Amino acid sequence: MNSDAAGSTFSPFDWVQFPEGRARFAGTFRCWDETGRKTFALELHGREYFGEIKRSYLENQNDYNIAIDAFGYGRGEDVGMPGADVRGVFTADDEVIAHNLVIQLTQAGLEYADPPTVLDQTETSRFMGKVEFQDGWILVAAEVGGTVMQ
């Protein structure tokens, strides 16, 4: 992580370099369905890919974890669009890298003097420390008999 991120005025929208690659919070996009979605971006294979990051509230409706539903969109405006053909397809190794980058980005975001709104905390609403990756959050190609299947 950039050494100036903790407690500084470092913008959460700037790229942060981690050992596995670069990541950033990408802000809120008005997406294909006119819904405002909070997004993050990862750089994989020299390309920027977007995903949605949101709160998953606990039973008390105050405290929350972070949920990652879908990732791999080439444009922020496309985040949340249904269908596998609008997202990139990645390798199992890419999935591990992306997973680690999201967790590291979330931890870095907590250290910002002005964290992204998805990580805002108050005396009555706290991030409980878990990042939940939903089934199918990333499309992974499986190599079967020499052919790649989605």
# chains A, B, ... in the order shown; residues from 1 in each chain; ligands from 1
$ select_by_dssp --residues "segment 36-105 of chain A" --states "strand (DSSP E or B)" --output "PyMOL selection string"
chain A and resi 36-44+47-57+64-73+87+89-90
$ closest_atom_pairs --of "segment 92-117 of chain A" --to "segment 22-42 of chain A" --cutoff "9 Å" --atoms "only C-alpha atoms" --output "CSV"
residue,atom,partner,partner_atom,distance
A:Ala98,CA,A:Leu42,CA,7.2
A:Leu101,CA,A:Ala23,CA,6.5
A:Val102,CA,A:Ala23,CA,7.5
A:Gln104,CA,A:Ala23,CA,8.7
A:Leu105,CA,A:Ala23,CA,6.5
A:Thr106,CA,A:Phe25,CA,8.9
A:Gly109,CA,A:Phe25,CA,8.3
A:Pro116,CA,A:Phe25,CA,7.3
A:Thr117,CA,A:Lys38,CA,8.6
$ write_last_selection --atoms "C-alpha atoms" --output "PDB file, in the first residue's frame"
ATOM      1  CA  ALA A  98      -8.661 -10.135  -7.289  1.00  0.00           C
ATOM      2  CA  LEU A 101      -6.782  -6.991  -3.823  1.00  0.00           C
ATOM      3  CA  VAL A 102     -10.372  -6.346  -2.696  1.00  0.00           C
ATOM      4  CA  GLN A 104      -6.428  -5.157   0.929  1.00  0.00           C
ATOM      5  CA  LEU A 105      -8.283  -2.224  -0.644  1.00  0.00           C
ATOM      6  CA  THR A 106     -11.021  -2.451   1.980  1.00  0.00           C
ATOM      7  CA  GLY A 109      -9.921   2.398   2.863  1.00  0.00           C
ATOM      8  CA  PRO A 116     -15.159   6.122   0.865  1.00  0.00           C
ATOM      9  CA  THR A 117     -18.803   6.370   1.924  1.00  0.00           C
TER      10      THR A 117
END
$ closest_residue --among "A:Phe133, A:Phe127, A:Phe71, A:Phe13" --to "Glu52 of chain A" --atoms "only C-alpha atoms"
A:Phe71
$ residues_around --residues "segment 55-60 of chain A" --least-positions-apart "3" --cutoff "9 Å" --atoms "only C-alpha atoms" --output "short mmCIF file (atom, residue, chain, number, x, y, z; two decimals) with C-alpha atoms, in the first residue's frame"
data_model
loop_
_atom_site.label_atom_id
_atom_site.label_comp_id
_atom_site.auth_asym_id
_atom_site.auth_seq_id
_atom_site.Cartn_x
_atom_site.Cartn_y
_atom_site.Cartn_z
CA ASP A 63 -23.44 -2.74 11.82
CA TYR A 64 -22.33 -4.12 8.48
CA ASN A 65 -19.88 -6.18 6.50
CA ILE A 66 -18.89 -5.55 2.91
CA ALA A 67 -20.43 -7.56 0.05
CA ILE A 68 -18.96 -8.06 -3.40
CA VAL A 118 -19.30 2.59 1.77
CA LEU A 119 -16.86 2.37 4.70
CA PHE A 127 -17.84 -2.14 9.79
CA GLU A 132 -18.21 -11.41 1.70
#
$ select_by_dssp --residues "segment 7-127 of chain A" --states "helix (DSSP H, G or I)" --output "list in words"
Gly76, Glu77, Asp78, Ala84, Asp85, Val86, Ala92, Asp93, Asp94, Glu95, Val96, Ile97, Ala98, His99, Asn100, Leu101, Val102, Ile103, Gln104, Leu105, Thr106, Gln107, Ala108, Gly109, Leu110, Glu111, Thr117, Val118 and Leu119 of chain A
$ closest_residue --among "A:Gln134, A:Thr124, A:Ala108, A:Tyr73" --to "Trp15 of chain A" --atoms "only C-alpha atoms"
A:Ala108
$ closest_residue --among "A:Pro115, A:Thr122, A:Lys130, A:Arg75" --to "Asn62 of chain A" --atoms "only C-alpha atoms"
A:Thr122
$ atom_distance --atom1 "atom CA of Leu44 of chain A" --atom2 "atom CA of Met81 of chain A"
20.3 Å
$ decode --residues "segment 117-144 of chain A" --atoms "N, CA, C and O atoms" --output "compact mmCIF listing (two decimals), in the first residue's frame"
# COMPACT_ATOMS: atom_id res chain seq x y z
N THR A 117 -17.55 6.41 1.17
CA THR A 117 -18.80 6.37 1.92
C THR A 117 -19.24 4.95 2.28
O THR A 117 -19.88 4.75 3.30
N VAL A 118 -18.90 3.97 1.47
CA VAL A 118 -19.30 2.59 1.77
C VAL A 118 -18.65 2.11 3.06
O VAL A 118 -19.14 1.19 3.71
N LEU A 119 -17.56 2.76 3.48
CA LEU A 119 -16.86 2.37 4.70
C LEU A 119 -17.05 3.37 5.85
O LEU A 119 -16.41 3.26 6.88
N ASP A 120 -17.93 4.35 5.66
CA ASP A 120 -18.20 5.31 6.73
C ASP A 120 -18.67 4.58 7.98
O ASP A 120 -19.48 3.65 7.90
N GLN A 121 -18.16 5.02 9.11
CA GLN A 121 -18.55 4.44 10.39
C GLN A 121 -18.96 5.57 11.34
O GLN A 121 -18.44 6.67 11.27
N THR A 122 -19.91 5.25 12.21
CA THR A 122 -20.34 6.20 13.24
C THR A 122 -20.32 5.47 14.57
O THR A 122 -19.99 4.28 14.63
N GLU A 123 -20.72 6.14 15.63
CA GLU A 123 -20.78 5.48 16.93
C GLU A 123 -21.81 4.35 16.94
O GLU A 123 -21.71 3.41 17.72
N THR A 124 -22.81 4.43 16.08
CA THR A 124 -23.88 3.42 16.07
C THR A 124 -23.82 2.48 14.87
O THR A 124 -24.59 1.53 14.80
N SER A 125 -22.94 2.72 13.94
CA SER A 125 -22.84 1.88 12.75
C SER A 125 -21.36 1.62 12.45
O SER A 125 -20.62 2.54 12.13
N ARG A 126 -20.97 0.36 12.56
CA ARG A 126 -19.56 0.00 12.41
C ARG A 126 -19.38 -1.11 11.37
O ARG A 126 -20.20 -2.01 11.26
N PHE A 127 -18.25 -1.05 10.66
CA PHE A 127 -17.84 -2.14 9.79
C PHE A 127 -17.29 -3.24 10.68
O PHE A 127 -16.42 -3.01 11.52
N MET A 128 -17.82 -4.45 10.52
CA MET A 128 -17.47 -5.56 11.40
C MET A 128 -16.28 -6.37 10.90
O MET A 128 -15.90 -7.38 11.51
N GLY A 129 -15.68 -5.98 9.78
CA GLY A 129 -14.41 -6.56 9.37
C GLY A 129 -14.45 -7.68 8.35
O GLY A 129 -13.42 -8.19 7.96
N LYS A 130 -15.61 -8.06 7.90
CA LYS A 130 -15.70 -9.18 6.96
C LYS A 130 -16.04 -8.68 5.55
O LYS A 130 -16.90 -7.84 5.37
N VAL A 131 -15.34 -9.24 4.58
CA VAL A 131 -15.66 -8.98 3.17
C VAL A 131 -16.23 -10.28 2.62
O VAL A 131 -15.56 -11.31 2.62
N GLU A 132 -17.50 -10.22 2.18
CA GLU A 132 -18.21 -11.41 1.70
C GLU A 132 -18.24 -11.39 0.18
O GLU A 132 -18.69 -10.42 -0.42
N PHE A 133 -17.78 -12.46 -0.42
CA PHE A 133 -17.78 -12.60 -1.87
C PHE A 133 -18.93 -13.53 -2.24
O PHE A 133 -18.93 -14.71 -1.86
N GLN A 134 -19.91 -13.01 -2.95
CA GLN A 134 -21.09 -13.79 -3.32
C GLN A 134 -20.73 -14.81 -4.40
O GLN A 134 -19.79 -14.62 -5.17
N ASP A 135 -21.48 -15.91 -4.46
CA ASP A 135 -21.27 -16.90 -5.51
C ASP A 135 -21.34 -16.22 -6.87
O ASP A 135 -22.23 -15.41 -7.12
N GLY A 136 -20.40 -16.53 -7.73
CA GLY A 136 -20.39 -15.96 -9.07
C GLY A 136 -19.89 -14.53 -9.15
O GLY A 136 -20.05 -13.87 -10.17
N TRP A 137 -19.28 -14.04 -8.09
CA TRP A 137 -18.82 -12.64 -8.08
C TRP A 137 -17.82 -12.37 -9.19
O TRP A 137 -17.74 -11.27 -9.70
N ILE A 138 -17.07 -13.39 -9.57
CA ILE A 138 -16.11 -13.28 -10.67
C ILE A 138 -16.32 -14.50 -11.57
O ILE A 138 -16.60 -15.60 -11.07
N LEU A 139 -16.26 -14.30 -12.86
CA LEU A 139 -16.40 -15.41 -13.80
C LEU A 139 -15.04 -16.04 -14.03
O LEU A 139 -14.10 -15.35 -14.45
N VAL A 140 -14.95 -17.33 -13.74
CA VAL A 140 -13.68 -18.05 -13.86
C VAL A 140 -13.82 -19.13 -14.92
O VAL A 140 -14.75 -19.93 -14.89
N ALA A 141 -12.88 -19.11 -15.87
CA ALA A 141 -12.86 -20.13 -16.92
C ALA A 141 -12.26 -21.41 -16.36
O ALA A 141 -11.30 -21.37 -15.61
N ALA A 142 -12.86 -22.52 -16.73
CA ALA A 142 -12.32 -23.82 -16.34
C ALA A 142 -11.77 -24.50 -17.58
O ALA A 142 -12.45 -24.57 -18.60
N GLU A 143 -10.55 -24.94 -17.49
CA GLU A 143 -9.95 -25.62 -18.64
C GLU A 143 -10.31 -27.10 -18.57
O GLU A 143 -9.99 -27.78 -17.59
N VAL A 144 -11.02 -27.57 -19.59
CA VAL A 144 -11.47 -28.96 -19.62
C VAL A 144 -11.08 -29.54 -20.97
O VAL A 144 -11.51 -29.08 -22.01
